[in-house]
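Trainee: Take a look at this one; I'll ask things after.
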Amino acid sequence: MPKSLFEKVWDAHSVRTLANGQTQLLIGTHLIHEVTSPQAFGMLRDLGLKVAMPHRTFATVDHIVPTDQFVEPYRDPLAQAMMEELRKNCREFGITFFDRATGKQGIVHIVGPEQGITQPGTTIACGDSHTSTHGAFGAIAFGIGTTQIRDVLATQTMALGKLKVRRINVNGRLRPGVYAKDVILHIIRVLGVNGGTGYAYEYAGEVFDRFSMEERMTVCNMSIEGGARAGYVNPDETTFAYLKGRPYAPQGAEWEAAVARWKQVASDPGCHYDDVVTIDAADIAPTVTWGINPGQGIAINESIPDPAAAHAADEKASIEEALAYMKLRPGAPIKGTRIDVAFLGSCTNGRLSDFQEVAKFVQGRKVAPGVKAIAVPGSQIVALQCEKLGLDKILAEAGFEWRAAGCSMCLAMNPDKLVGDQLCASSSNRNFKGRQGSPTGRTLLMSPLMVAAAAVTGSVADAREVFHVNN
Amino acid sequence: MALEKISSIAGRGVYVPGNDIDTDRIIPARFMKCVTFDGLGEFLFFDVRKNADGSDKPHPLNEPRFKGATVLLSGANFGCGSSREHAPQAIQKYGFKAIVAENFAEIFFGNCTTLGIPCATASRADIAKIAAAIERDPALEIVVDVARQEIRFGGQTVPAEVRAAARDALVNGRWDAIGELLDGMGAMKATAAKLPYLAT
């Protein structure tokens, strides 16, 4: 019987059925970071347990690292304490730690792929909801809580109910100036922020066939913003080409055998899907959020929703709540909304191609007066790649502060925070109330090039017009 | 490790209205700069409860008449966003023992169950009925009956769903899976041995 990739990977990793009907699922790769793991190690010690497969557990530090300070101790003693705790835990339990001194540190969802740890047909767990990113390689990757981190550390398994699979086809060609970020913001807008609850999303269609791995990662990354715990793309030649030669990828004769296996893991033609959604790429425009969840997005040429035009009381209330927080005027165009901060980076859009695209267009342009613009590479390796190409200089000349790798202003657990009710054009993934570090701070999610357009004009703008994008 | 069998939670309730209440709102990220979960309860819903100067904003949890509530009621897609277990930990440490909502975000639901916090779904209309009853009498006892999948309050009974796997785990005292997972270590190794990428 034909099977989907999800089913194949699930079946291959199913250890047994637990008493409550859930599956004990083998987790092949466990990624950890400093924020959600310390308590799990504490629980492990309390129970007198060891790490079951330290060689399949990889750590990095990302959420709390200052992007303007390398030398320890950090100015924030709490951040320093978390850093030291992770270091201690990795040493004690024999876990590979991509610390800042290794030159391989970065956001966990950028480090895994660039090291070649993230591979097709594997299961991956990490105490971070954006773990879905790794699905871009045809892995099934789950964000988990801290008690489950303990479970995976102790047993290399976790208890989980099987997900349904929704195939999302995006057919045709994206218009110029429309990016992977717009694709996922559009999908979430169409299917809703909880439309994916209970599902894994299988992204497919001509758009995904053509996408680079970095573009696939951007889409898979935000699956959780649509409520889907996992999202994936079937592995293909693009996947294999990306992985070949990476440090943890199979080498030599093992490489060919691995590729042969990876080809087999892709969804079979004619397999069952619990739901199928088809989207025409031509319907996707550069998209900007106006509200307080990632589903509250509109095309750049649309107007901010008016609660008076809402179809249901519920929708009206949610628009009103969002507009009150965002201090935006119903019915007004989103274009022209003044911004205070521009943030380029995050596990969604902090990769080489993101900075390349921005650098290509901002060369010779200047960030508007009064706008604070920061560019934060997703990893030390991304930073180095950018610097080798001189992208850091182009961005710096345009007025972006070029920072060190980390999560930075996506969730502002480090010193990079909004102040007061500043409005931020952001390439990150969440626009929740207070997300970027100020309880009244405001976030507009958009693609990196749209962030750049907002940065140089000082207000939300159509990057296609600002940069004459036509290729 | 004998765990408590959680078949029913009884206590006062408080209704926090709203849909899509995310885990950043439940516990803002800056309070996650910690290496234990101790003390998180006081930061529950912090930025929607407190002004910058530390004074109270209007919020149900700031109202003395709802103090001591152990059943938290809310809207749709409760707990969306970040996987941070700090969110259910803060809810539990604040004193809540059960949550009732129209539906829950996936990761949050799993985190709650693992901590022994039943997440029951009820219809919007029924949640409104319970909220209205609490509004009339904040001391009213709300019974979230996990085993029977119903909520009883002030002589009324409404249906509530607790997903089968979670219900079984709570009612039979196996909501923390670690014991069972450890029992499966032999089977885990056999499964791993069949996967080339895990063969050492």
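Labels used: A, B, ... for chains in the order of the structure tokens, numbers from 1 for residues in each chain, and numbers from 1 for ligands as shown.
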Env of Leu170 of chain B: 8 Å cut, atoms = only C-alpha atoms, seq-sep filter 6 positions within chain, self excluded. Answer as a PDB file with N, CA, C and O atoms, in the first residue's frame.

Mentor:
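File result_12.pdb, as written:
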ATOM      1  N   LYS B   5      -4.055   9.502  40.508  1.00  0.00           N
ATOM      2  CA  LYS B   5      -5.078   9.248  39.482  1.00  0.00           C
ATOM      3  C   LYS B   5      -6.008  10.450  39.439  1.00  0.00           C
ATOM      4  O   LYS B   5      -6.691  10.745  40.413  1.00  0.00           O
ATOM      5  N   ILE B   6      -5.979  11.156  38.319  1.00  0.00           N
ATOM      6  CA  ILE B   6      -6.727  12.410  38.224  1.00  0.00           C
ATOM      7  C   ILE B   6      -8.010  12.168  37.430  1.00  0.00           C
ATOM      8  O   ILE B   6      -8.022  12.236  36.205  1.00  0.00           O
ATOM      9  N   SER B   7      -9.070  11.834  38.158  1.00  0.00           N
ATOM     10  CA  SER B   7     -10.310  11.572  37.427  1.00  0.00           C
ATOM     11  C   SER B   7     -11.253  12.753  37.492  1.00  0.00           C
ATOM     12  O   SER B   7     -12.175  12.873  36.691  1.00  0.00           O
ATOM     13  N   THR B 113      -0.750  17.782  29.894  1.00  0.00           N
ATOM     14  CA  THR B 113      -1.090  16.410  30.273  1.00  0.00           C
ATOM     15  C   THR B 113       0.078  15.768  31.024  1.00  0.00           C
ATOM     16  O   THR B 113      -0.114  15.092  32.038  1.00  0.00           O
ATOM     17  N   GLY B 116       0.065  16.561  34.492  1.00  0.00           N
ATOM     18  CA  GLY B 116      -1.134  16.181  35.242  1.00  0.00           C
ATOM     19  C   GLY B 116      -2.172  17.282  35.319  1.00  0.00           C
ATOM     20  O   GLY B 116      -2.947  17.351  36.272  1.00  0.00           O
ATOM     21  N   PRO B 118      -5.417  18.409  33.545  1.00  0.00           N
ATOM     22  CA  PRO B 118      -6.388  18.051  32.515  1.00  0.00           C
ATOM     23  C   PRO B 118      -6.772  19.275  31.675  1.00  0.00           C
ATOM     24  O   PRO B 118      -7.015  20.355  32.216  1.00  0.00           O
ATOM     25  N   VAL B 146     -13.066  14.399  34.507  1.00  0.00           N
ATOM     26  CA  VAL B 146     -12.268  13.896  33.383  1.00  0.00           C
ATOM     27  C   VAL B 146     -12.806  12.540  32.935  1.00  0.00           C
ATOM     28  O   VAL B 146     -12.999  12.283  31.749  1.00  0.00           O
TER      29      VAL B 146
END

Trainee: At a cut-off of 7 Å, list the chain A residues touching chain B, using only C-alpha atoms, as a ChimeraX atom specification.

Mentor: /A:13,15,20-22,24,26,28,35-36,38-39,78-79,82,127-129,143-146,151,155,159,194,197-198,225,227,229,411,413,433,435,439

Trainee: For each of B:Val14, B:Val158, B:Val100, B:Ala193, take the minimum atom-to-atom distance to Arg136 of chain B, counting only C-alpha atoms, then give the residue where this is smallest.

Mentor: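 Between B:Val14, B:Val158, B:Val100, B:Ala193, the residue approaching Arg136 of chain B most closely is B:Val14.
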
Trainee: Between B:Gly75, B:Pro138, B:Pro60, B:Gly39, which is the closest to Lys93 of chain B once you count only C-alpha atoms?

Mentor: B:Gly39

Trainee: Applying 10 Å and only C-alpha atoms, which residues near Gln149 of chain B remain after dropping the ones on its own chain fewer than 2 positions away? List them as a PyMOL selection string.

Mentor: chain B and resi 7-8+120-122+144-147+151+158-163+167

Trainee: How many Å lie between atom CA of Arg91 of chain A and atom CA of Arg246 of chain A, rounded to one decimal?

Mentor: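 Separation of atom CA of Arg91 of chain A and atom CA of Arg246 of chain A: 24.6 Å.
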